[in-house]
>>> print(open('model.pdb').read())   # PDB, C-alpha atoms
ATOM      1  CA  MET A   1    -114.081 249.852 -51.255
ATOM      2  CA  THR A   2    -114.295 246.154 -51.979
ATOM      3  CA  MET A   3    -111.347 244.098 -53.002
ATOM      4  CA  GLU A   4    -111.944 241.914 -56.031
ATOM      5  CA  PRO A   5    -109.855 238.784 -56.472
ATOM      6  CA  PRO A   6    -107.270 239.028 -59.220
ATOM      7  CA  PRO A   7    -108.405 237.592 -62.533
ATOM      8  CA  SER A   8    -107.680 233.921 -62.926
ATOM      9  CA  THR A   9    -104.877 233.062 -65.280
ATOM     10  CA  GLU A  10    -106.079 229.476 -65.412
ATOM     11  CA  THR A  11    -107.840 228.755 -68.686
ATOM     12  CA  THR A  12    -110.773 226.450 -69.160
ATOM     13  CA  GLU A  13    -108.478 224.011 -70.945
ATOM     14  CA  THR A  14    -106.057 223.966 -68.013
ATOM     15  CA  ARG A  15    -108.901 223.306 -65.553
ATOM     16  CA  ALA A  16    -110.250 220.515 -67.777
ATOM     17  CA  THR A  17    -106.770 219.006 -68.013
ATOM     18  CA  LYS A  18    -106.369 219.099 -64.222
ATOM     19  CA  THR A  19    -109.756 217.456 -63.734
ATOM     20  CA  ALA A  20    -109.137 214.732 -66.318
ATOM     21  CA  THR A  21    -105.622 214.013 -65.137
ATOM     22  CA  GLY A  22    -106.834 214.007 -61.546
ATOM     23  CA  TRP A  23    -109.069 211.057 -62.378
ATOM     24  CA  VAL A  24    -106.225 209.327 -64.226
ATOM     25  CA  ILE A  25    -103.911 209.896 -61.253
ATOM     26  CA  ALA A  26    -106.538 208.391 -58.926
ATOM     27  CA  LEU A  27    -106.945 205.398 -61.270
ATOM     28  CA  SER A  28    -103.150 205.059 -61.415
ATOM     29  CA  ALA A  29    -102.875 205.020 -57.647
ATOM     30  CA  GLY A  30    -105.556 202.330 -57.473
ATOM     31  CA  LEU A  31    -103.858 200.203 -60.116
ATOM     32  CA  ILE A  32    -100.462 200.580 -58.431
ATOM     33  CA  GLY A  33    -101.988 199.613 -55.074
ATOM     34  CA  LEU A  34    -103.756 196.580 -56.553
ATOM     35  CA  GLY A  35    -100.569 195.602 -58.380
ATOM     36  CA  ILE A  36     -98.538 195.709 -55.168
ATOM     37  CA  LEU A  37    -101.202 193.659 -53.359
ATOM     38  CA  ALA A  38    -101.247 191.093 -56.174
ATOM     39  CA  ILE A  39     -97.440 190.818 -56.081
ATOM     40  CA  LEU A  40     -97.461 190.431 -52.298
ATOM     41  CA  MET A  41    -100.356 187.928 -52.345
ATOM     42  CA  PRO A  42    -100.075 186.153 -55.712
ATOM     43  CA  ALA A  43    -102.100 183.081 -54.706
ATOM     44  CA  LEU A  44    -105.070 185.236 -53.709
ATOM     45  CA  ALA A  45    -104.697 187.324 -56.869
ATOM     46  CA  SER A  46    -104.612 184.133 -58.985
ATOM     47  CA  ALA A  47    -107.818 182.920 -57.342
ATOM     48  CA  VAL A  48    -109.547 186.279 -57.824
ATOM     49  CA  PHE A  49    -108.463 186.471 -61.478
ATOM     50  CA  THR A  50    -109.664 182.925 -62.149
ATOM     51  CA  SER A  51    -112.985 183.536 -60.398
ATOM     52  CA  VAL A  52    -113.547 186.683 -62.471
ATOM     53  CA  ILE A  53    -113.083 184.568 -65.595
ATOM     54  CA  GLY A  54    -115.581 182.087 -64.161
ATOM     55  CA  TRP A  55    -118.139 184.825 -63.535
ATOM     56  CA  ILE A  56    -117.636 186.228 -67.033
ATOM     57  CA  ALA A  57    -118.213 182.778 -68.537
ATOM     58  CA  LEU A  58    -121.293 182.163 -66.378
ATOM     59  CA  VAL A  59    -122.925 185.531 -67.066
ATOM     60  CA  SER A  60    -122.204 185.406 -70.797
ATOM     61  CA  GLY A  61    -123.606 181.877 -70.917
ATOM     62  CA  VAL A  62    -126.806 182.992 -69.209
ATOM     63  CA  PHE A  63    -127.133 185.901 -71.660
ATOM     64  CA  GLN A  64    -126.663 183.546 -74.618
ATOM     65  CA  VAL A  65    -129.293 181.147 -73.311
ATOM     66  CA  VAL A  66    -131.761 184.015 -72.783
ATOM     67  CA  GLN A  67    -130.978 185.328 -76.264
ATOM     68  CA  ALA A  68    -131.529 181.855 -77.729
ATOM     69  CA  PHE A  69    -135.038 181.693 -76.298
ATOM     70  CA  GLN A  70    -135.816 185.154 -77.636
ATOM     71  CA  ALA A  71    -134.603 184.239 -81.147
ATOM     72  CA  LYS A  72    -137.006 181.349 -81.762
ATOM     73  CA  ALA A  73    -137.490 182.211 -85.435
ATOM     74  CA  PHE A  74    -133.809 181.811 -86.306
ATOM     75  CA  ARG A  75    -132.259 178.521 -87.457
ATOM     76  CA  TRP A  76    -129.271 178.829 -85.140
ATOM     77  CA  GLN A  77    -131.329 178.914 -81.951
ATOM     78  CA  GLY A  78    -130.183 175.435 -80.986
ATOM     79  CA  LEU A  79    -126.529 176.287 -81.527
ATOM     80  CA  SER A  80    -126.829 179.483 -79.510
ATOM     81  CA  LEU A  81    -128.591 177.580 -76.725
ATOM     82  CA  GLY A  82    -125.885 174.904 -76.755
ATOM     83  CA  VAL A  83    -122.999 177.372 -76.682
ATOM     84  CA  GLY A  84    -124.662 179.405 -73.940
ATOM     85  CA  THR A  85    -125.207 176.272 -71.870
ATOM     86  CA  LEU A  86    -121.562 175.245 -72.307
ATOM     87  CA  TYR A  87    -120.389 178.704 -71.247
ATOM     88  CA  ALA A  88    -122.605 178.601 -68.160
ATOM     89  CA  ILE A  89    -121.385 175.106 -67.244
ATOM     90  CA  ALA A  90    -117.755 176.156 -67.763
ATOM     91  CA  GLY A  91    -118.320 179.224 -65.585
ATOM     92  CA  LEU A  92    -119.857 177.132 -62.815
ATOM     93  CA  TYR A  93    -117.045 174.584 -63.068
ATOM     94  CA  ILE A  94    -114.434 177.338 -62.753
ATOM     95  CA  LEU A  95    -116.206 178.907 -59.781
ATOM     96  CA  PHE A  96    -116.627 175.623 -57.915
ATOM     97  CA  ASN A  97    -113.159 174.269 -58.790
ATOM     98  CA  LEU A  98    -110.901 177.308 -58.474
ATOM     99  CA  VAL A  99    -107.737 175.326 -57.752
ATOM    100  CA  ASN A 100    -108.109 173.063 -60.793
ATOM    101  CA  ALA A 101    -109.212 175.934 -63.009
ATOM    102  CA  THR A 102    -106.248 178.051 -61.910
ATOM    103  CA  ALA A 103    -103.890 175.143 -62.663
ATOM    104  CA  VAL A 104    -105.335 174.654 -66.153
ATOM    105  CA  LEU A 105    -105.299 178.397 -66.801
ATOM    106  CA  THR A 106    -101.652 178.562 -65.703
ATOM    107  CA  LEU A 107    -100.736 175.702 -68.034
ATOM    108  CA  ALA A 108    -102.490 177.425 -70.929
ATOM    109  CA  PHE A 109    -100.795 180.697 -70.009
ATOM    110  CA  GLY A 110     -97.373 179.023 -70.018
ATOM    111  CA  LEU A 111     -98.025 177.494 -73.439
ATOM    112  CA  LEU A 112     -99.241 180.838 -74.737
ATOM    113  CA  LEU A 113     -96.108 182.623 -73.499
ATOM    114  CA  MET A 114     -93.860 179.996 -75.097
ATOM    115  CA  ALA A 115     -95.665 180.293 -78.434
ATOM    116  CA  GLU A 116     -95.570 184.093 -78.264
ATOM    117  CA  GLY A 117     -91.859 184.011 -77.489
ATOM    118  CA  VAL A 118     -91.050 181.729 -80.433
ATOM    119  CA  PHE A 119     -93.145 183.804 -82.859
ATOM    120  CA  THR A 120     -91.690 187.082 -81.585
ATOM    121  CA  ILE A 121     -88.131 185.793 -81.999
ATOM    122  CA  ALA A 122     -88.956 184.552 -85.497
ATOM    123  CA  MET A 123     -90.549 187.888 -86.354
ATOM    124  CA  ALA A 124     -87.486 189.785 -85.124
ATOM    125  CA  PHE A 125     -85.083 187.828 -87.326
ATOM    126  CA  THR A 126     -87.280 187.001 -90.318
ATOM    127  CA  TYR A 127     -89.061 190.295 -90.878
ATOM    128  CA  ARG A 128     -86.621 192.523 -88.972
ATOM    129  CA  ALA A 129     -89.632 193.722 -86.945
ATOM    130  CA  GLY A 130     -88.769 196.959 -85.229
ATOM    131  CA  GLY A 131     -86.262 198.013 -87.902
ATOM    132  CA  THR A 132     -83.069 199.061 -86.168
ATOM    133  CA  MET A 133     -84.637 198.014 -82.878
ATOM    134  CA  SER A 134     -85.201 194.405 -84.013
ATOM    135  CA  TRP A 135     -82.687 193.284 -81.380
ATOM    136  CA  PHE A 136     -85.079 194.659 -78.749
ATOM    137  CA  VAL A 137     -87.955 192.693 -80.291
ATOM    138  CA  ALA A 138     -85.748 189.574 -80.147
ATOM    139  CA  ILE A 139     -84.911 190.182 -76.465
ATOM    140  CA  ASN A 140     -88.626 190.604 -75.748
ATOM    141  CA  GLY A 141     -89.264 187.257 -77.455
ATOM    142  CA  ILE A 142     -86.458 185.528 -75.540
ATOM    143  CA  ILE A 143     -87.712 186.823 -72.176
ATOM    144  CA  THR A 144     -91.298 185.867 -73.033
ATOM    145  CA  LEU A 145     -90.142 182.378 -74.061
ATOM    146  CA  ILE A 146     -88.187 181.983 -70.797
ATOM    147  CA  LEU A 147     -91.226 183.086 -68.748
ATOM    148  CA  GLY A 148     -93.356 180.538 -70.579
ATOM    149  CA  ILE A 149     -90.815 177.770 -70.010
ATOM    150  CA  LEU A 150     -90.597 178.660 -66.302
ATOM    151  CA  ALA A 151     -94.380 178.551 -65.980
ATOM    152  CA  PHE A 152     -94.590 175.265 -67.853
ATOM    153  CA  ASN A 153     -91.656 173.559 -66.089
ATOM    154  CA  ARG A 154     -92.854 174.477 -62.618
ATOM    155  CA  TRP A 155     -96.449 173.490 -63.317
ATOM    156  CA  PRO A 156     -98.640 172.664 -61.332
ATOM    157  CA  PHE A 157     -96.812 174.448 -58.485
ATOM    158  CA  SER A 158     -96.587 177.645 -60.531
ATOM    159  CA  ALA A 159    -100.396 177.744 -60.551
ATOM    160  CA  LEU A 160    -100.288 179.014 -56.977
ATOM    161  CA  TRP A 161     -98.446 182.212 -57.841
ATOM    162  CA  LEU A 162     -97.860 182.726 -61.559
ATOM    163  CA  ILE A 163    -101.100 184.346 -62.695
ATOM    164  CA  GLY A 164    -101.316 186.547 -59.607
ATOM    165  CA  LEU A 165     -97.710 187.648 -59.937
ATOM    166  CA  TYR A 166     -97.999 188.404 -63.666
ATOM    167  CA  VAL A 167    -101.303 190.252 -63.178
ATOM    168  CA  GLY A 168     -99.739 192.198 -60.300
ATOM    169  CA  ILE A 169     -96.739 193.194 -62.401
ATOM    170  CA  SER A 170     -99.042 194.205 -65.243
ATOM    171  CA  LEU A 171    -101.224 196.312 -62.927
ATOM    172  CA  LEU A 172     -98.161 197.944 -61.373
ATOM    173  CA  LEU A 173     -96.639 198.803 -64.757
ATOM    174  CA  THR A 174     -99.951 200.005 -66.193
ATOM    175  CA  GLY A 175    -100.590 202.224 -63.170
ATOM    176  CA  SER A 176     -97.053 203.597 -63.284
ATOM    177  CA  SER A 177     -97.217 204.387 -66.991
ATOM    178  CA  LEU A 178    -100.619 206.063 -66.637
ATOM    179  CA  LEU A 179     -99.321 208.094 -63.707
ATOM    180  CA  GLY A 180     -96.270 209.177 -65.679
ATOM    181  CA  ALA A 181     -98.397 210.158 -68.683
ATOM    182  CA  ALA A 182    -100.868 212.128 -66.543
ATOM    183  CA  LEU A 183     -98.131 213.995 -64.700
ATOM    184  CA  ALA A 184     -96.327 214.769 -67.980
ATOM    185  CA  LEU A 185     -99.547 216.134 -69.463
ATOM    186  CA  ARG A 186    -100.170 218.287 -66.410
ATOM    187  CA  LYS A 187     -96.633 219.658 -66.580
ATOM    188  CA  LYS A 188     -96.961 220.367 -70.305
ATOM    189  CA  ARG A 189    -100.285 222.168 -69.900
ATOM    190  CA  ALA A 190     -99.279 224.141 -66.785
TER     191      ALA A 190
END
>>> encode(input="model.pdb", output="structure tokens")
Amino acid sequence: MTMEPPPSTETTETRATKTATGWVIALSAGLIGLGILAILMPALASAVFTSVIGWIALVSGVFQVVQAFQAKAFRWQGLSLGVGTLYAIAGLYILFNLVNATAVLTLAFGLLLMAEGVFTIAMAFTYRAGGTMSWFVAINGIITLILGILAFNRWPFSALWLIGLYVGISLLLTGSSLLGAALALRKKRA
């Protein structure tokens, strides 16, 4: 007499959910780990982030130049060639001048945060964005404005740590929220 295993109570949907959320949990762990590393080593994270932007600019510039030579029949070939060349030059400049590029990127980031803060505050009070939660929108704008002012006032010294720290915090929060969502889905489907 052979013993057969009891029938599985796990449905196909439950198995698919476990598989999908397993990948999300792994991604979450990676993002959390990278976020912690970026927070602990913000200067290195700033340099890596800036170099990635440099590589993106260089590669997209090369693609635009190649595309320009393949589109000889079109009137805008010269413009596409010029823009592609500028992108490639900008990418090379960023890659060979990481410190300067990081400083300029930090300055731009500080200005962007200040502008976002002002517009968010204005939106909270003018349009009552968020309805009954417009006070929360206003607090978000105030904090964003303060972060922008801190980045701008401490520039160029903030270039050493600001981008890396902000990217690290973003990675940590993104990984944590993905992990929470995946675990909640697993619990719901179990």
>>> atom_distance(input="model.pdb", atom1="atom CA of A:Leu145", atom2="atom CA of A:Leu113")
6.0 Å
>>> resolve_selection(input="model.pdb", expression="the PyMOL selection byres ((chain A and resi 142) around 10)", output="PyMOL selection string")
chain A and resi 114+116-118+120-121+136-141+143-148
>>> residues_near_point(input="model.pdb", point="(-97.3, 182.8, -52.6)", cutoff="8 Å", atoms="all atoms listed in the file", output="PDB file with C-alpha atoms, in the frame of the given file")
ATOM      1  CA  LEU A  40     -97.461 190.431 -52.298  1.00  0.00           C
ATOM      2  CA  MET A  41    -100.356 187.928 -52.345  1.00  0.00           C
ATOM      3  CA  PRO A  42    -100.075 186.153 -55.712  1.00  0.00           C
ATOM      4  CA  ALA A  43    -102.100 183.081 -54.706  1.00  0.00           C
ATOM      5  CA  LEU A 160    -100.288 179.014 -56.977  1.00  0.00           C
ATOM      6  CA  TRP A 161     -98.446 182.212 -57.841  1.00  0.00           C
TER       7      TRP A 161
END
>>> closest_residue(input="model.pdb", among="A:Val59, A:Leu92, A:Leu173, A:Leu107", to="A:Gly35", atoms="all atoms listed in the file")
A:Leu173
>>> resolve_selection(input="model.pdb", expression="the PyMOL selection byres ((chain A and resi 31) around 8)", output="PyMOL selection string")
chain A and resi 27-30+32-35+171-172+174-175
>>> closest_residue(input="model.pdb", among="A:Leu81, A:Lys18, A:Ser170, A:Trp55", to="A:Gln67", atoms="all atoms listed in the file")
A:Leu81
>>> closest_residue(input="model.pdb", among="A:Ile169, A:Leu98, A:Ala124, A:Val66", to="A:Phe49", atoms="all atoms listed in the file")
A:Leu98
>>> atom_distance(input="model.pdb", atom1="atom CA of A:Val24", atom2="atom CA of A:Lys188")
15.6 Å
>>> build_atoms(input="model.pdb", residues="stretch 98-126 of chain A", atoms="N, CA and C atoms", output="compact mmCIF listing (two decimals), in the coordinates of the input")
# COMPACT_ATOMS: atom_id res chain seq x y z
N LEU A 98 -111.88 176.25 -58.23
CA LEU A 98 -110.90 177.31 -58.47
C LEU A 98 -109.48 176.79 -58.57
N VAL A 99 -109.11 175.83 -57.74
CA VAL A 99 -107.74 175.33 -57.75
C VAL A 99 -107.43 174.65 -59.08
N ASN A 100 -108.32 173.75 -59.51
CA ASN A 100 -108.11 173.06 -60.79
C ASN A 100 -108.15 174.04 -61.96
N ALA A 101 -109.10 174.96 -61.93
CA ALA A 101 -109.21 175.93 -63.01
C ALA A 101 -107.98 176.83 -63.08
N THR A 102 -107.46 177.22 -61.93
CA THR A 102 -106.25 178.05 -61.91
C THR A 102 -105.06 177.27 -62.47
N ALA A 103 -104.99 175.98 -62.14
CA ALA A 103 -103.89 175.14 -62.66
C ALA A 103 -103.98 175.02 -64.18
N VAL A 104 -105.16 174.78 -64.71
CA VAL A 104 -105.34 174.65 -66.15
C VAL A 104 -105.06 175.99 -66.84
N LEU A 105 -105.54 177.07 -66.24
CA LEU A 105 -105.30 178.40 -66.80
C LEU A 105 -103.81 178.73 -66.80
N THR A 106 -103.10 178.33 -65.77
CA THR A 106 -101.65 178.56 -65.70
C THR A 106 -100.93 177.77 -66.78
N LEU A 107 -101.34 176.52 -66.98
CA LEU A 107 -100.74 175.70 -68.03
C LEU A 107 -100.96 176.34 -69.41
N ALA A 108 -102.18 176.77 -69.65
CA ALA A 108 -102.49 177.42 -70.93
C ALA A 108 -101.69 178.72 -71.08
N PHE A 109 -101.55 179.45 -70.00
CA PHE A 109 -100.80 180.70 -70.01
C PHE A 109 -99.32 180.43 -70.32
N GLY A 110 -98.76 179.39 -69.74
CA GLY A 110 -97.37 179.02 -70.02
C GLY A 110 -97.18 178.65 -71.48
N LEU A 111 -98.10 177.86 -72.02
CA LEU A 111 -98.02 177.49 -73.44
C LEU A 111 -98.16 178.72 -74.34
N LEU A 112 -99.05 179.61 -73.96
CA LEU A 112 -99.24 180.84 -74.74
C LEU A 112 -97.97 181.69 -74.74
N LEU A 113 -97.34 181.84 -73.58
CA LEU A 113 -96.11 182.62 -73.50
C LEU A 113 -94.99 181.99 -74.32
N MET A 114 -94.89 180.66 -74.29
CA MET A 114 -93.86 180.00 -75.10
C MET A 114 -94.11 180.22 -76.58
N ALA A 115 -95.35 180.08 -77.02
CA ALA A 115 -95.66 180.29 -78.43
C ALA A 115 -95.41 181.75 -78.82
N GLU A 116 -95.81 182.68 -77.97
CA GLU A 116 -95.57 184.09 -78.26
C GLU A 116 -94.08 184.38 -78.36
N GLY A 117 -93.30 183.80 -77.46
CA GLY A 117 -91.86 184.01 -77.49
C GLY A 117 -91.23 183.51 -78.78
N VAL A 118 -91.60 182.31 -79.20
CA VAL A 118 -91.05 181.73 -80.43
C VAL A 118 -91.44 182.60 -81.63
N PHE A 119 -92.71 182.99 -81.73
CA PHE A 119 -93.14 183.80 -82.86
C PHE A 119 -92.51 185.19 -82.85
N THR A 120 -92.31 185.76 -81.67
CA THR A 120 -91.69 187.08 -81.58
C THR A 120 -90.22 187.02 -82.01
N ILE A 121 -89.53 185.97 -81.58
CA ILE A 121 -88.13 185.79 -82.00
C ILE A 121 -88.06 185.61 -83.51
N ALA A 122 -88.93 184.78 -84.05
CA ALA A 122 -88.96 184.55 -85.50
C ALA A 122 -89.26 185.84 -86.24
N MET A 123 -90.19 186.62 -85.73
CA MET A 123 -90.55 187.89 -86.35
C MET A 123 -89.38 188.86 -86.33
N ALA A 124 -88.62 188.87 -85.24
CA ALA A 124 -87.49 189.78 -85.12
C ALA A 124 -86.41 189.48 -86.16
N PHE A 125 -86.15 188.19 -86.41
CA PHE A 125 -85.08 187.83 -87.33
C PHE A 125 -85.55 187.69 -88.77
N THR A 126 -86.78 187.22 -88.97
CA THR A 126 -87.28 187.00 -90.32
C THR A 126 -87.70 188.30 -90.98
